[in-house]
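In what follows, a structure is listed as structure tokens, so that the remarks can point back to it.
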Amino acid sequence: GMGYLNQLTKILEENISQNINTLNTTTITLEYLMKKNASKEDMEEYLIYETDKYLSEINDTFSGIYGTINNFYLDGSGWLPPADYVPQTREWYIAAKEANGKTVLVSPYLDAKTNTRVMSISQLLSDNVSVISMDISLDKIQQVVDESNVNSLGHVYVMEQNGLVISHS
């Protein structure tokens, strides 16, 4: 029983820490590009490059790197938000602002792009207005939970520290 839970925890932690590392690397490069006054297009191109690289190399719980830089919304997956989309009102943006430059794991919410439940990892940049973020698909995490053999255990709940249920078998 416990072996399974440990295995599940390990899978989730590996996924999330991998995502955090990628976000941190992306943030460092974007900070550099901003200092060099890179164009919006150059920064978007970089996000697209990072997203493509990450999608092919790493894992499918992830749908791209995006954010708002100098008040422009940029998306590495090529998603164009609807006209009424305001990044500053979104969970991923608000949580990053509140975390004051620390990398933050955002509680599950409904994603505007995919209309599925996601958790985000977000970070405020040093200009205190730009935020960079990536989503972790809870459907994919659910798949990991489902594909693992839970018969011996009955039910598995994956929970956040604050007691919020993220997914269960």
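Labeling convention for the structure tokens: chains A, B, ... as they appear, residues from 1 per chain, ligands from 1 in order of appearance.
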
Go through segment 18-122 of chain A and flag each residue having an atom no more than 10 Å from segment 8-14 of chain A; for those, report the closest pair of atoms plus their distance in Å to one decimal, using only C-alpha atoms, ordered by chain and rising number, as JSON lines.
{"residue": "A:Gln18", "atom": "CA", "partner": "A:Glu14", "partner_atom": "CA", "distance": 5.9}
{"residue": "A:Asn19", "atom": "CA", "partner": "A:Glu14", "partner_atom": "CA", "distance": 8.5}
{"residue": "A:Ile20", "atom": "CA", "partner": "A:Glu14", "partner_atom": "CA", "distance": 9.8}

Give me a file of those residues, with all heavy atoms, as a PDB file, in the first residue's frame.
ATOM      1  N   GLN A  18      10.554  19.416 -12.060  1.00  0.00           N
ATOM      2  CA  GLN A  18      11.033  19.579 -13.434  1.00  0.00           C
ATOM      3  C   GLN A  18      10.451  20.856 -14.032  1.00  0.00           C
ATOM      4  O   GLN A  18      11.146  21.651 -14.667  1.00  0.00           O
ATOM      5  CB  GLN A  18      10.530  18.388 -14.258  1.00  0.00           C
ATOM      6  CG  GLN A  18      11.514  17.786 -15.215  1.00  0.00           C
ATOM      7  CD  GLN A  18      10.997  16.435 -15.717  1.00  0.00           C
ATOM      8  OE1 GLN A  18       9.794  16.203 -15.780  1.00  0.00           O
ATOM      9  NE2 GLN A  18      11.906  15.578 -16.093  1.00  0.00           N
ATOM     10  N   ASN A  19       9.161  21.043 -13.811  1.00  0.00           N
ATOM     11  CA  ASN A  19       8.478  22.229 -14.318  1.00  0.00           C
ATOM     12  C   ASN A  19       9.028  23.501 -13.680  1.00  0.00           C
ATOM     13  O   ASN A  19       9.227  24.507 -14.360  1.00  0.00           O
ATOM     14  CB  ASN A  19       6.970  22.121 -14.080  1.00  0.00           C
ATOM     15  CG  ASN A  19       6.322  21.072 -14.971  1.00  0.00           C
ATOM     16  OD1 ASN A  19       6.902  20.626 -15.957  1.00  0.00           O
ATOM     17  ND2 ASN A  19       5.127  20.676 -14.631  1.00  0.00           N
ATOM     18  N   ILE A  20       9.287  23.445 -12.377  1.00  0.00           N
ATOM     19  CA  ILE A  20       9.834  24.609 -11.672  1.00  0.00           C
ATOM     20  C   ILE A  20      11.213  24.964 -12.218  1.00  0.00           C
ATOM     21  O   ILE A  20      11.504  26.135 -12.470  1.00  0.00           O
ATOM     22  CB  ILE A  20       9.868  24.370 -10.142  1.00  0.00           C
ATOM     23  CG1 ILE A  20       8.438  24.406  -9.571  1.00  0.00           C
ATOM     24  CG2 ILE A  20      10.745  25.407  -9.443  1.00  0.00           C
ATOM     25  CD1 ILE A  20       8.321  23.985  -8.127  1.00  0.00           C
TER      26      ILE A  20
END

Contact residues around Pro87 of chain A with only C-alpha atoms at 12 Å, ignoring same-chain residues under 5 positions, as a list in words = Tyr66, Gly67, Thr68, Ile69, Asn70, Asn71, Phe72, Tyr73, Leu74, Asp75, Pro81, Pro82, Trp92, Tyr93, Ile94, Ala95, Ala96, Lys97, Asp111, Ala112, Val129, Ser130, Val131, Ile132 and Ser133 of chain A

Nearby residues (only C-alpha atoms) at most 10 Å from Glu45 of chain A, same-chain spacing under 3 positions excluded, as a ChimeraX atom specification | /A:39-42,48-51,74-76,78

Residue with the minimum atom-to-atom distance to Met134 of chain A, picked from A:Met43, A:Leu23, A:Leu33, A:Val104 with only C-alpha atoms counted, is A:Leu23

So how many Å separate atom CA of Asp139 of chain A and atom CA of Phe62 of chain A, to one decimal?
->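 Atom CA of Phe62 of chain A lies 10.6 Å from atom CA of Asp139 of chain A.
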
Give me, as a compact mmCIF listing (two decimals) with N, CA and C atoms, in the first residue's frame, all polymer residues having an atom no more than 9 Å from Thr103 of chain A, counting only C-alpha atoms and skipping those fewer than 2 positions away in the same chain.
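Generated output (part.txt):
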# COMPACT_ATOMS: atom_id res chain seq x y z
N ILE A 20 9.29 23.45 -12.38
CA ILE A 20 9.83 24.61 -11.67
C ILE A 20 11.21 24.96 -12.22
N LEU A 23 10.79 26.66 -15.54
CA LEU A 23 10.28 28.02 -15.37
C LEU A 23 11.37 28.97 -14.88
N ASN A 24 12.18 28.49 -13.93
CA ASN A 24 13.26 29.33 -13.41
C ASN A 24 14.28 29.69 -14.48
N ALA A 96 1.24 34.96 -8.42
CA ALA A 96 2.65 35.33 -8.59
C ALA A 96 2.92 36.69 -7.96
N ALA A 99 3.18 36.35 -4.28
CA ALA A 99 4.36 35.61 -3.81
C ALA A 99 5.65 36.43 -3.88
N ASN A 100 5.54 37.66 -4.40
CA ASN A 100 6.68 38.58 -4.38
C ASN A 100 7.99 38.04 -4.96
N GLY A 101 7.92 37.41 -6.13
CA GLY A 101 9.15 36.96 -6.76
C GLY A 101 9.55 35.54 -6.44
N LEU A 105 3.20 27.72 -6.60
CA LEU A 105 2.33 26.69 -7.15
C LEU A 105 0.90 27.15 -6.92
N ILE A 121 2.38 26.99 -12.27
CA ILE A 121 3.58 27.42 -11.56
C ILE A 121 3.90 28.79 -12.14
N SER A 122 3.96 29.80 -11.29
CA SER A 122 4.12 31.16 -11.77
C SER A 122 5.22 31.89 -11.02
N GLN A 123 5.75 32.91 -11.68
CA GLN A 123 6.76 33.73 -11.04
C GLN A 123 6.71 35.16 -11.53
N LEU A 124 6.78 36.08 -10.57
CA LEU A 124 6.84 37.50 -10.86
C LEU A 124 8.28 37.84 -11.25

Which distance in Å separates atom CA of Ile136 of chain A and atom CA of Gln88 of chain A, to one decimal?
->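 Atom CA of Gln88 of chain A lies 19.7 Å from atom CA of Ile136 of chain A.
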
To one decimal place, how far is atom CA of Ser77 of chain A from atom CA of Ser56 of chain A in Å?
->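 Value for the atom CA of Ser77 of chain A-atom CA of Ser56 of chain A distance: 12.8 Å.
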
Smallest atom-to-atom distance to Glu98 of chain A: which of A:Asn128, A:Asn115, A:Gln7, A:Ile141, using only C-alpha atoms?
-> A:Asn128

Nearest to Ser63 of chain A, chosen from A:Leu138, A:Val106, A:Ala38, A:Leu30, with only C-alpha atoms counted in the distances |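 Of all the options, A:Leu138 lies closest to Ser63 of chain A.
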